[in-house]
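Enquirer: If it helps, the file is called my_file07.cif and holds mmCIF, C-alpha atoms, pLDDT in the B column; chains and numbers go by the auth columns:
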data_upload
#
loop_
_atom_site.group_PDB
_atom_site.id
_atom_site.type_symbol
_atom_site.label_atom_id
_atom_site.label_comp_id
_atom_site.label_asym_id
_atom_site.label_seq_id
_atom_site.Cartn_x
_atom_site.Cartn_y
_atom_site.Cartn_z
_atom_site.B_iso_or_equiv
_atom_site.auth_seq_id
_atom_site.auth_asym_id
ATOM 1 C CA MET A 1 -24.399 55.270 -119.363 68.00 1 D
ATOM 2 C CA GLN A 2 -22.515 51.974 -119.368 75.00 2 D
ATOM 3 C CA SER A 3 -22.978 49.526 -116.512 83.00 3 D
ATOM 4 C CA LEU A 4 -19.949 48.411 -114.486 81.00 4 D
ATOM 5 C CA GLN A 5 -20.155 44.994 -116.192 82.00 5 D
ATOM 6 C CA GLN A 6 -20.130 46.640 -119.636 87.00 6 D
ATOM 7 C CA LYS A 7 -17.121 48.765 -118.716 82.00 7 D
ATOM 8 C CA ALA A 8 -15.371 45.702 -117.304 80.00 8 D
ATOM 9 C CA SER A 9 -15.934 43.822 -120.560 84.00 9 D
ATOM 10 C CA GLU A 10 -14.782 46.751 -122.674 87.00 10 D
ATOM 11 C CA TRP A 11 -11.655 47.506 -120.638 86.00 11 D
ATOM 12 C CA SER A 12 -10.674 43.889 -119.974 86.00 12 D
ATOM 13 C CA GLY A 13 -11.371 42.614 -123.476 89.00 13 D
ATOM 14 C CA VAL A 14 -13.279 39.717 -121.880 88.00 14 D
ATOM 15 C CA ALA A 15 -16.948 39.209 -122.735 88.00 15 D
ATOM 16 C CA THR A 16 -19.198 38.752 -119.711 88.00 16 D
ATOM 17 C CA GLU A 17 -20.090 35.194 -120.763 88.00 17 D
ATOM 18 C CA ASP A 18 -16.358 34.316 -120.915 90.00 18 D
ATOM 19 C CA ALA A 19 -15.706 35.974 -117.567 88.00 19 D
ATOM 20 C CA PHE A 20 -18.333 33.772 -115.969 89.00 20 D
ATOM 21 C CA GLY A 21 -17.152 30.628 -117.731 88.00 21 D
ATOM 22 C CA ILE A 22 -15.901 29.656 -114.278 87.00 22 D
ATOM 23 C CA ASP A 23 -19.517 28.785 -113.463 88.00 23 D
ATOM 24 C CA GLU A 24 -19.636 26.025 -116.100 91.00 24 D
ATOM 25 C CA THR A 25 -17.471 23.717 -113.976 91.00 25 D
ATOM 26 C CA ASN A 26 -17.097 23.450 -110.220 96.00 26 D
ATOM 27 C CA LEU A 27 -13.439 24.431 -110.109 96.00 27 D
ATOM 28 C CA PHE A 28 -13.254 23.857 -106.366 97.00 28 D
ATOM 29 C CA GLU A 29 -14.265 20.205 -106.770 97.00 29 D
ATOM 30 C CA LYS A 30 -11.963 19.832 -109.760 97.00 30 D
ATOM 31 C CA LEU A 31 -8.884 21.510 -108.255 97.00 31 D
ATOM 32 C CA GLY A 32 -9.250 21.180 -104.480 97.00 32 D
ATOM 33 C CA LEU A 33 -8.584 23.593 -101.644 97.00 33 D
ATOM 34 C CA GLN A 34 -4.795 23.289 -101.703 97.00 34 D
ATOM 35 C CA SER A 35 -4.617 24.507 -105.314 97.00 35 D
ATOM 36 C CA PHE A 36 -6.318 27.760 -104.304 97.00 36 D
ATOM 37 C CA ILE A 37 -4.107 28.169 -101.225 98.00 37 D
ATOM 38 C CA ASN A 38 -0.994 27.581 -103.326 98.00 38 D
ATOM 39 C CA LEU A 39 -2.154 29.998 -106.048 98.00 39 D
ATOM 40 C CA SER A 40 -2.869 32.780 -103.551 97.00 40 D
ATOM 41 C CA THR A 41 0.395 32.158 -101.689 98.00 41 D
ATOM 42 C CA ASP A 42 2.427 32.329 -104.914 98.00 42 D
ATOM 43 C CA PHE A 43 0.484 35.406 -106.048 97.00 43 D
ATOM 44 C CA TYR A 44 0.963 37.376 -102.832 96.00 44 D
ATOM 45 C CA THR A 45 4.625 36.387 -102.602 97.00 45 D
ATOM 46 C CA ARG A 46 5.020 38.045 -106.000 97.00 46 D
ATOM 47 C CA VAL A 47 2.968 41.089 -104.943 96.00 47 D
ATOM 48 C CA TYR A 48 4.886 41.680 -101.703 95.00 48 D
ATOM 49 C CA ASP A 49 8.213 41.220 -103.561 96.00 49 D
ATOM 50 C CA ASP A 50 7.214 43.461 -106.495 96.00 50 D
ATOM 51 C CA ASP A 51 9.974 45.732 -107.835 95.00 51 D
ATOM 52 C CA GLU A 52 7.548 48.641 -108.124 94.00 52 D
ATOM 53 C CA GLU A 53 7.227 50.535 -104.828 94.00 53 D
ATOM 54 C CA TRP A 54 3.980 52.232 -105.928 92.00 54 D
ATOM 55 C CA PHE A 55 2.369 48.803 -106.306 92.00 55 D
ATOM 56 C CA ARG A 56 3.781 47.295 -103.089 93.00 56 D
ATOM 57 C CA SER A 57 2.559 50.369 -101.206 90.00 57 D
ATOM 58 C CA ILE A 58 -1.053 49.469 -102.044 88.00 58 D
ATOM 59 C CA PHE A 59 -0.660 46.405 -99.820 90.00 59 D
ATOM 60 C CA ALA A 60 1.549 47.997 -97.137 88.00 60 D
ATOM 61 C CA ASN A 61 -1.161 48.072 -94.470 87.00 61 D
ATOM 62 C CA SER A 62 -2.185 44.450 -95.006 88.00 62 D
ATOM 63 C CA LYS A 63 -0.514 41.394 -93.532 94.00 63 D
ATOM 64 C CA LYS A 64 0.561 39.003 -96.264 96.00 64 D
ATOM 65 C CA GLU A 65 -0.967 36.014 -94.441 96.00 65 D
ATOM 66 C CA ASP A 66 -4.325 37.798 -94.151 92.00 66 D
ATOM 67 C CA ALA A 67 -4.269 38.773 -97.822 91.00 67 D
ATOM 68 C CA ILE A 68 -3.553 35.164 -98.822 96.00 68 D
ATOM 69 C CA GLN A 69 -6.401 33.839 -96.660 94.00 69 D
ATOM 70 C CA ASN A 70 -8.896 36.448 -97.859 90.00 70 D
ATOM 71 C CA GLN A 71 -8.069 35.735 -101.475 92.00 71 D
ATOM 72 C CA TYR A 72 -8.128 31.942 -101.416 96.00 72 D
ATOM 73 C CA GLU A 73 -11.300 31.882 -99.324 94.00 73 D
ATOM 74 C CA PHE A 74 -12.992 34.207 -101.821 90.00 74 D
ATOM 75 C CA PHE A 75 -11.765 32.144 -104.789 94.00 75 D
ATOM 76 C CA VAL A 76 -12.939 28.894 -103.165 94.00 76 D
ATOM 77 C CA GLN A 77 -16.359 30.381 -102.469 93.00 77 D
ATOM 78 C CA ARG A 78 -16.738 31.954 -105.916 91.00 78 D
ATOM 79 C CA MET A 79 -15.556 28.848 -107.741 93.00 79 D
ATOM 80 C CA GLY A 80 -17.927 26.316 -106.242 93.00 80 D
ATOM 81 C CA GLY A 81 -16.599 25.584 -102.769 93.00 81 D
ATOM 82 C CA PRO A 82 -17.918 26.265 -99.296 94.00 82 D
ATOM 83 C CA PRO A 83 -18.625 29.899 -98.307 86.00 83 D
ATOM 84 C CA LEU A 84 -15.394 30.261 -96.326 77.00 84 D
ATOM 85 C CA TYR A 85 -15.021 33.955 -97.034 70.00 85 D
ATOM 86 C CA SER A 86 -18.605 34.905 -96.162 64.00 86 D
ATOM 87 C CA GLN A 87 -18.563 32.832 -92.989 56.00 87 D
ATOM 88 C CA ARG A 88 -15.535 34.742 -91.735 53.00 88 D
ATOM 89 C CA LYS A 89 -15.932 38.221 -93.270 56.00 89 D
ATOM 90 C CA GLY A 90 -19.536 38.592 -94.485 54.00 90 D
ATOM 91 C CA HIS A 91 -20.639 39.332 -98.045 57.00 91 D
ATOM 92 C CA PRO A 92 -17.651 39.786 -100.383 55.00 92 D
ATOM 93 C CA ALA A 93 -18.920 43.186 -101.669 50.00 93 D
ATOM 94 C CA LEU A 94 -15.799 43.517 -103.822 57.00 94 D
ATOM 95 C CA ILE A 95 -16.143 47.171 -104.751 47.00 95 D
ATOM 96 C CA GLY A 96 -16.761 48.188 -101.149 47.00 96 D
ATOM 97 C CA ARG A 97 -13.912 46.077 -99.784 53.00 97 D
ATOM 98 C CA HIS A 98 -11.506 47.546 -102.350 56.00 98 D
ATOM 99 C CA ARG A 99 -12.699 51.139 -101.783 63.00 99 D
ATOM 100 C CA PRO A 100 -9.678 52.102 -99.615 60.00 100 D
ATOM 101 C CA PHE A 101 -7.251 51.108 -102.383 62.00 101 D
ATOM 102 C CA PRO A 102 -6.348 52.911 -105.632 61.00 102 D
ATOM 103 C CA VAL A 103 -7.804 50.377 -108.082 71.00 103 D
ATOM 104 C CA THR A 104 -6.554 52.021 -111.270 84.00 104 D
ATOM 105 C CA HIS A 105 -6.032 50.597 -114.744 89.00 105 D
ATOM 106 C CA ARG A 106 -2.297 50.505 -114.052 93.00 106 D
ATOM 107 C CA ALA A 107 -2.762 48.709 -110.718 90.00 107 D
ATOM 108 C CA ALA A 108 -5.181 46.215 -112.286 91.00 108 D
ATOM 109 C CA GLU A 109 -2.681 45.377 -115.010 95.00 109 D
ATOM 110 C CA ARG A 110 0.103 44.925 -112.445 96.00 110 D
ATOM 111 C CA TRP A 111 -2.171 42.709 -110.299 94.00 111 D
ATOM 112 C CA LEU A 112 -3.073 40.663 -113.386 97.00 112 D
ATOM 113 C CA HIS A 113 0.605 40.339 -114.326 97.00 113 D
ATOM 114 C CA HIS A 114 1.332 38.688 -110.977 97.00 114 D
ATOM 115 C CA MET A 115 -1.779 36.502 -111.158 97.00 115 D
ATOM 116 C CA GLN A 116 -0.852 35.317 -114.652 98.00 116 D
ATOM 117 C CA GLN A 117 2.631 34.430 -113.411 98.00 117 D
ATOM 118 C CA ALA A 118 1.209 32.570 -110.411 98.00 118 D
ATOM 119 C CA LEU A 119 -1.183 30.651 -112.672 98.00 119 D
ATOM 120 C CA ASP A 120 1.619 29.876 -115.129 98.00 120 D
ATOM 121 C CA ASN A 121 3.711 28.592 -112.216 97.00 121 D
ATOM 122 C CA SER A 122 0.969 26.265 -110.968 97.00 122 D
ATOM 123 C CA THR A 123 1.322 22.616 -111.939 97.00 123 D
ATOM 124 C CA GLU A 124 -1.910 21.709 -110.085 96.00 124 D
ATOM 125 C CA ILE A 125 -4.245 23.729 -112.295 98.00 125 D
ATOM 126 C CA ASP A 126 -4.983 22.454 -115.803 97.00 126 D
ATOM 127 C CA ALA A 127 -4.700 24.715 -118.850 97.00 127 D
ATOM 128 C CA GLN A 128 -8.453 25.063 -119.461 96.00 128 D
ATOM 129 C CA SER A 129 -9.111 25.994 -115.823 97.00 129 D
ATOM 130 C CA LYS A 130 -6.290 28.565 -115.982 97.00 130 D
ATOM 131 C CA ILE A 131 -7.942 30.207 -118.994 96.00 131 D
ATOM 132 C CA LYS A 132 -11.355 30.321 -117.307 96.00 132 D
ATOM 133 C CA MET A 133 -9.844 31.675 -114.105 97.00 133 D
ATOM 134 C CA MET A 134 -7.758 34.328 -115.860 97.00 134 D
ATOM 135 C CA ASN A 135 -10.773 35.530 -117.850 95.00 135 D
ATOM 136 C CA PHE A 136 -12.694 35.853 -114.580 93.00 136 D
ATOM 137 C CA PHE A 137 -9.773 37.634 -112.878 94.00 137 D
ATOM 138 C CA ARG A 138 -9.263 40.046 -115.807 95.00 138 D
ATOM 139 C CA HIS A 139 -12.946 40.942 -116.020 91.00 139 D
ATOM 140 C CA THR A 140 -13.258 41.290 -112.239 88.00 140 D
ATOM 141 C CA ALA A 141 -10.140 43.463 -112.005 90.00 141 D
ATOM 142 C CA PHE A 142 -11.641 45.926 -114.459 90.00 142 D
ATOM 143 C CA PHE A 143 -15.038 45.691 -112.779 86.00 143 D
ATOM 144 C CA LEU A 144 -13.232 46.970 -109.675 84.00 144 D
ATOM 145 C CA VAL A 145 -11.532 49.708 -111.728 87.00 145 D
ATOM 146 C CA ALA A 146 -14.955 50.796 -112.996 82.00 146 D
ATOM 147 C CA GLY A 147 -16.249 50.821 -109.405 77.00 147 D
ATOM 148 C CA ASP A 148 -13.228 52.820 -108.292 70.00 148 D
ATOM 149 C CA GLU A 149 -13.823 55.388 -111.012 75.00 149 D
ATOM 150 C CA LEU A 150 -17.311 56.021 -109.638 73.00 150 D
ATOM 151 C CA LYS A 151 -15.645 57.484 -106.548 69.00 151 D
ATOM 152 C CA ASN A 152 -12.622 58.964 -108.328 65.00 152 D
ATOM 153 C CA PRO A 153 -13.187 59.637 -112.053 62.00 153 D
ATOM 154 C CA ASN A 154 -9.648 60.998 -112.581 59.00 154 D
ATOM 155 C CA HIS A 155 -7.710 57.724 -112.301 51.00 155 D
ATOM 156 C CA GLY A 156 -6.762 57.649 -115.970 49.00 156 D
ATOM 157 C CA LYS A 157 -7.824 55.937 -119.130 49.00 157 D
ATOM 158 C CA PRO A 158 -8.063 52.225 -119.901 49.00 158 D
ATOM 159 C CA GLY A 159 -4.900 50.434 -120.947 47.00 159 D
ATOM 160 C CA ALA A 160 -4.586 47.778 -123.615 41.00 160 D
ATOM 161 C CA SER A 161 -5.905 44.466 -122.372 46.00 161 D
ATOM 162 C CA LYS A 162 -6.306 41.039 -123.851 51.00 162 D
ATOM 163 C CA PRO A 163 -8.431 38.101 -122.707 53.00 163 D
ATOM 164 C CA ALA A 164 -6.813 34.732 -122.073 57.00 164 D
ATOM 165 C CA GLU A 165 -6.701 32.561 -125.133 55.00 165 D
ATOM 166 C CA ALA A 166 -7.482 28.882 -125.531 50.00 166 D
#
Output the structure of this file as structure tokens.
Expert:
Amino acid sequence: MQSLQQKASEWSGVATEDAFGIDETNLFEKLGLQSFINLSTDFYTRVYDDDEEWFRSIFANSKKEDAIQNQYEFFVQRMGGPPLYSQRKGHPALIGRHRPFPVTHRAAERWLHHMQQALDNSTEIDAQSKIKMMNFFRHTAFFLVAGDELKNPNHGKPGASKPAEA
């Protein structure tokens, strides 16, 4: 049986070592807090304005401001900054925290679409950091899909995915 990491690599098209390329550089020190706040704000503005009702409905019971804060605090913590998320919410436990949501292949791809657009829109984040971040996001999104399928194995088959390119 494949591990969740193996499934994430297979479905995302991102090798584990590329997904954790974010650990090679302290992106928090390089980019600063405001870059993460701006990225999460742009991302969630796109999510809450999404044309697809099925996707918006996933976030319907969450306040946009809370979603932005949760995301940027997690990103800061995971990418070399202070443990803002854990100090406020406890261990990230991504699979457990996403358990109430339908984390399907389709939803992951839609989430990644908005994240790619938010990254592309950012002038504060350099190209190499964007690639490292997107590889991490892609792999993590499909890690969550794999975790979701443990509780609900009928969420469909993997879609076509491609890792970020240099």
Enquirer: Kindly indicate which residue among D:Phe143, D:His105, D:Phe75, D:Leu150 lies nearest to Lys7 of chain D, using only C-alpha atoms for the distances.
Expert: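 Answer, going by the shortest atom-to-atom distance: D:Phe143.
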Enquirer: For Thr123 of chain D, which residue among D:Leu39, D:Ala15, D:Val47, D:Leu27 is the nearest when counting all atoms listed in the file?
Expert: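 The closest residue to Thr123 of chain D is D:Leu39.
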Enquirer: So which residues get picked by the PyMOL selection byres ((chain D and resi 131) around 10) here, written as number ranges by chain?
Expert: D: 18-19, 21-22, 116, 119, 126-130, 132-137, 163-166
Enquirer: Tell me which of D:Gln5, D:Thr25, D:Thr45, D:Thr140 sits closest to Ala108 of chain D, counting all atoms listed in the file.
Expert: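 Distance minimum relative to Ala108 of chain D lands on D:Thr140.
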Enquirer: Go through D:Val145, D:Val76, D:Ile37, D:Leu4 one by one, measure the shortest atom-to-atom distance of each to Trp111 of chain D using all atoms listed in the file, and give the residue with the smallest value.
Expert: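 Nearest to Trp111 of chain D: D:Val145.
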Enquirer: How far is it from atom CA of Arg110 of chain D to atom CA of Gly80 of chain D, in Å with one decimal?
Expert: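 Pair atom CA of Arg110 of chain D / atom CA of Gly80 of chain D returns 26.6 Å.
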